[in-house]
Amino acid sequence: MAKRALTPFQLTATLFVALLATCHAGSIAVYWGQNDGEASLAETCASGNYEFVILAFLPRFGKGQRPQLDLASHCDPSSGGCKSQSKDIKSCQSHGVKVLLSIGGGDGSYGLSSPSDARQVAMYLWNNYLGGTSSSRPLGDAVLDGIDFDIELGGAKFWNNLASDLKKLGNNIDSDKAVLLSAAPQCPFPDEWDGGAINTGLFDYVWVQFYNNPECQFNAGREAFMDAWKRWESVPAGKIFLGLPASKDAAGTGFIPAGVLKSRVLPLIKGSPKYGGVMLWSKFYDDRTGYSSAIKSHV
């Protein structure tokens, strides 16, 4: 049966709805690197599900320590084995996926002792992972798009200095591209560790961990969740992401079934001008549940 043509009014309304959906369309960010048996970095990016992939972690740096990358069984940085990831990183970037290195994590030995220490760490990150040069780049000659601050221990001071120094290096006239900054604070506001850095106004993305924090995650109730979300909306950052575990096994609390996320949670926050999308921990768990595929069209 032939379809009737849309009237001008119907066409205008349809275009308006489509434009509205596009204006609030979000992205999915995913952490990769801490589990055996997850898809390769190249496979992760080729899936088309993610706009950001965050390499986890650089859990040792600062306070005079020799920085150490840890990508679990994916590669051994001590033997130069992680240089093989360079090809995959470039493949990700060719697909339009931004690749960032996450510093810190829930377990490690890191911290900053002074503004000078922050400058030294910034120079190390710039020369070994970003747009600088070094004979010992752990991930080879690939140039990452930015640095993610997942600070959960080691003191709360001088992270603002590190953020400022990294942005200055990226804005250098000799640099080919700016340095993206992201942070992964806990949802209780303000964050004990990342709060000072985020308040610099230098962060492009903030993926807030709405899990393992029973007082502000969605199952604490709509009011508590929205109060926390609105507080995070107030920070001077680019886009705010809803951070979630990709399966029940990925976190102690805070998992939201895909159907509930799509029908009850995203409608509450997608209208925000700062809404950026959803962050998932992690690729390993997403591989097993297909969570990103289930939510992608609604994010």
# chains A, B, ... in the order shown; residues from 1 in each chain; ligands from 1
>>> closest_atom_pairs(of="segment 132-228 of chain A", to="segment 241-251 of chain A", cutoff="12 Å", atoms="only C-alpha atoms", output="JSON lines")
{"residue": "A:Ser182", "atom": "CA", "partner": "A:Phe241", "partner_atom": "CA", "distance": 10.3}
{"residue": "A:Ala183", "atom": "CA", "partner": "A:Phe241", "partner_atom": "CA", "distance": 10.1}
{"residue": "A:Ala184", "atom": "CA", "partner": "A:Gly243", "partner_atom": "CA", "distance": 8.1}
{"residue": "A:Pro185", "atom": "CA", "partner": "A:Gly243", "partner_atom": "CA", "distance": 9.3}
{"residue": "A:Gln186", "atom": "CA", "partner": "A:Gly243", "partner_atom": "CA", "distance": 9.1}
{"residue": "A:Cys187", "atom": "CA", "partner": "A:Gly243", "partner_atom": "CA", "distance": 9.0}
{"residue": "A:Asp204", "atom": "CA", "partner": "A:Phe241", "partner_atom": "CA", "distance": 10.9}
{"residue": "A:Tyr205", "atom": "CA", "partner": "A:Phe241", "partner_atom": "CA", "distance": 7.4}
{"residue": "A:Val206", "atom": "CA", "partner": "A:Phe241", "partner_atom": "CA", "distance": 6.0}
{"residue": "A:Trp207", "atom": "CA", "partner": "A:Phe241", "partner_atom": "CA", "distance": 4.3}
{"residue": "A:Val208", "atom": "CA", "partner": "A:Gly243", "partner_atom": "CA", "distance": 5.1}
{"residue": "A:Gln209", "atom": "CA", "partner": "A:Gly243", "partner_atom": "CA", "distance": 4.5}
{"residue": "A:Phe210", "atom": "CA", "partner": "A:Gly243", "partner_atom": "CA", "distance": 5.4}
{"residue": "A:Tyr211", "atom": "CA", "partner": "A:Leu244", "partner_atom": "CA", "distance": 6.1}
{"residue": "A:Asn212", "atom": "CA", "partner": "A:Ala251", "partner_atom": "CA", "distance": 6.4}
{"residue": "A:Asn213", "atom": "CA", "partner": "A:Ala251", "partner_atom": "CA", "distance": 10.1}
{"residue": "A:Pro214", "atom": "CA", "partner": "A:Ala251", "partner_atom": "CA", "distance": 11.5}
{"residue": "A:Cys216", "atom": "CA", "partner": "A:Leu242", "partner_atom": "CA", "distance": 11.8}
{"residue": "A:Gln217", "atom": "CA", "partner": "A:Leu244", "partner_atom": "CA", "distance": 9.2}
{"residue": "A:Phe218", "atom": "CA", "partner": "A:Leu244", "partner_atom": "CA", "distance": 10.1}
{"residue": "A:Phe225", "atom": "CA", "partner": "A:Leu242", "partner_atom": "CA", "distance": 10.8}
{"residue": "A:Met226", "atom": "CA", "partner": "A:Leu242", "partner_atom": "CA", "distance": 11.4}
{"residue": "A:Ala228", "atom": "CA", "partner": "A:Leu242", "partner_atom": "CA", "distance": 11.0}
>>> residues_around(residues="Tyr275 of chain A", least_positions_apart="6", cutoff="9 Å", atoms="only C-alpha atoms", output="list of chain:residue names")
A:His24, A:Ala25, A:Gly26, A:Glu233, A:Lys239, A:Ile240, A:Phe241, A:Leu242, A:Ile269
>>> residues_around(residues="segment 73-80 of chain A", least_positions_apart="2", cutoff="8 Å", atoms="only C-alpha atoms", output="MDAnalysis selection string")
chainID A and resid 33 35:36 68:71 82:83 138
>>> write_last_selection(atoms="C-alpha atoms", output="JSON list (two decimals), in the first residue's frame")
[["chain", "number", "residue", "atom", "x", "y", "z"],
["A", 33, "GLY", "CA", 42.42, -2.89, 30.06],
["A", 35, "ASN", "CA", 40.53, -7.79, 32.79],
["A", 36, "ASP", "CA", 41.71, -10.92, 31.05],
["A", 68, "GLN", "CA", 54.20, 2.17, 35.78],
["A", 69, "LEU", "CA", 51.47, 1.22, 33.31],
["A", 70, "ASP", "CA", 49.21, -1.75, 34.10],
["A", 71, "LEU", "CA", 47.03, -3.24, 31.37],
["A", 82, "CYS", "CA", 52.60, -2.64, 25.24],
["A", 83, "LYS", "CA", 54.09, -0.86, 22.25],
["A", 138, "PRO", "CA", 55.14, 2.53, 26.70]]
>>> residues_around(residues="Ser292 of chain A", least_positions_apart="4", cutoff="7 Å", atoms="only C-alpha atoms", output="list in words")
Asn49, Asp286 and Lys296 of chain A
>>> residues_around(residues="segment 52-63 of chain A", least_positions_apart="5", cutoff="8 Å", atoms="only C-alpha atoms", output="count of residues only")
33
>>> closest_residue(among="A:Leu144, A:Ala224, A:Ile295, A:Leu202", to="Gly132 of chain A", atoms="only C-alpha atoms")
A:Leu144
>>> closest_residue(among="A:Ser91, A:Ser272, A:Gln85, A:Asn161", to="Asp141 of chain A", atoms="only C-alpha atoms")
A:Gln85
>>> select_by_dssp(residues="segment 177-264 of chain A", states="strand (DSSP E or B)", output="PyMOL selection string")
chain A and resi 180-183+186+205-209+239-245
>>> write_last_selection(atoms="C-alpha atoms", output="PDB file, in the first residue's frame")
ATOM      1  CA  LEU A 180      41.346  16.258  26.483  1.00  0.00           C
ATOM      2  CA  LEU A 181      40.796  15.953  30.221  1.00  0.00           C
ATOM      3  CA  SER A 182      38.215  13.739  31.886  1.00  0.00           C
ATOM      4  CA  ALA A 183      37.529  12.742  35.471  1.00  0.00           C
ATOM      5  CA  GLN A 186      32.229   9.326  42.938  1.00  0.00           C
ATOM      6  CA  TYR A 205      34.169  15.313  30.360  1.00  0.00           C
ATOM      7  CA  VAL A 206      33.153  14.147  33.836  1.00  0.00           C
ATOM      8  CA  TRP A 207      31.859  10.575  34.070  1.00  0.00           C
ATOM      9  CA  VAL A 208      30.394  10.376  37.566  1.00  0.00           C
ATOM     10  CA  GLN A 209      30.438   6.967  39.249  1.00  0.00           C
ATOM     11  CA  LYS A 239      29.743  17.233  29.516  1.00  0.00           C
ATOM     12  CA  ILE A 240      28.519  15.096  32.404  1.00  0.00           C
ATOM     13  CA  PHE A 241      28.157  11.324  31.944  1.00  0.00           C
ATOM     14  CA  LEU A 242      26.186   8.816  33.993  1.00  0.00           C
ATOM     15  CA  GLY A 243      28.735   6.229  35.145  1.00  0.00           C
ATOM     16  CA  LEU A 244      27.359   2.696  35.550  1.00  0.00           C
ATOM     17  CA  PRO A 245      28.534  -0.910  35.883  1.00  0.00           C
TER      18      PRO A 245
END
>>> atom_distance(atom1="atom CA of Ser47 of chain A", atom2="atom CA of Trp281 of chain A")
16.5 Å
>>> select_by_dssp(residues="segment 178-274 of chain A", states="helix (DSSP H, G or I)", output="MDAnalysis selection string")
chainID A and resid 195:198 218:220 222:233 248:250 258:269
>>> closest_residue(among="A:Tyr124, A:Ala197, A:Pro188, A:Gly254", to="Arg66 of chain A", atoms="only C-alpha atoms")
A:Tyr124
>>> atom_distance(atom1="atom CA of Ser234 of chain A", atom2="atom CA of Pro190 of chain A")
10.7 Å
>>> closest_residue(among="A:Ala42, A:Ala163, A:Met123, A:Val278", to="Lys262 of chain A", atoms="only C-alpha atoms")
A:Val278
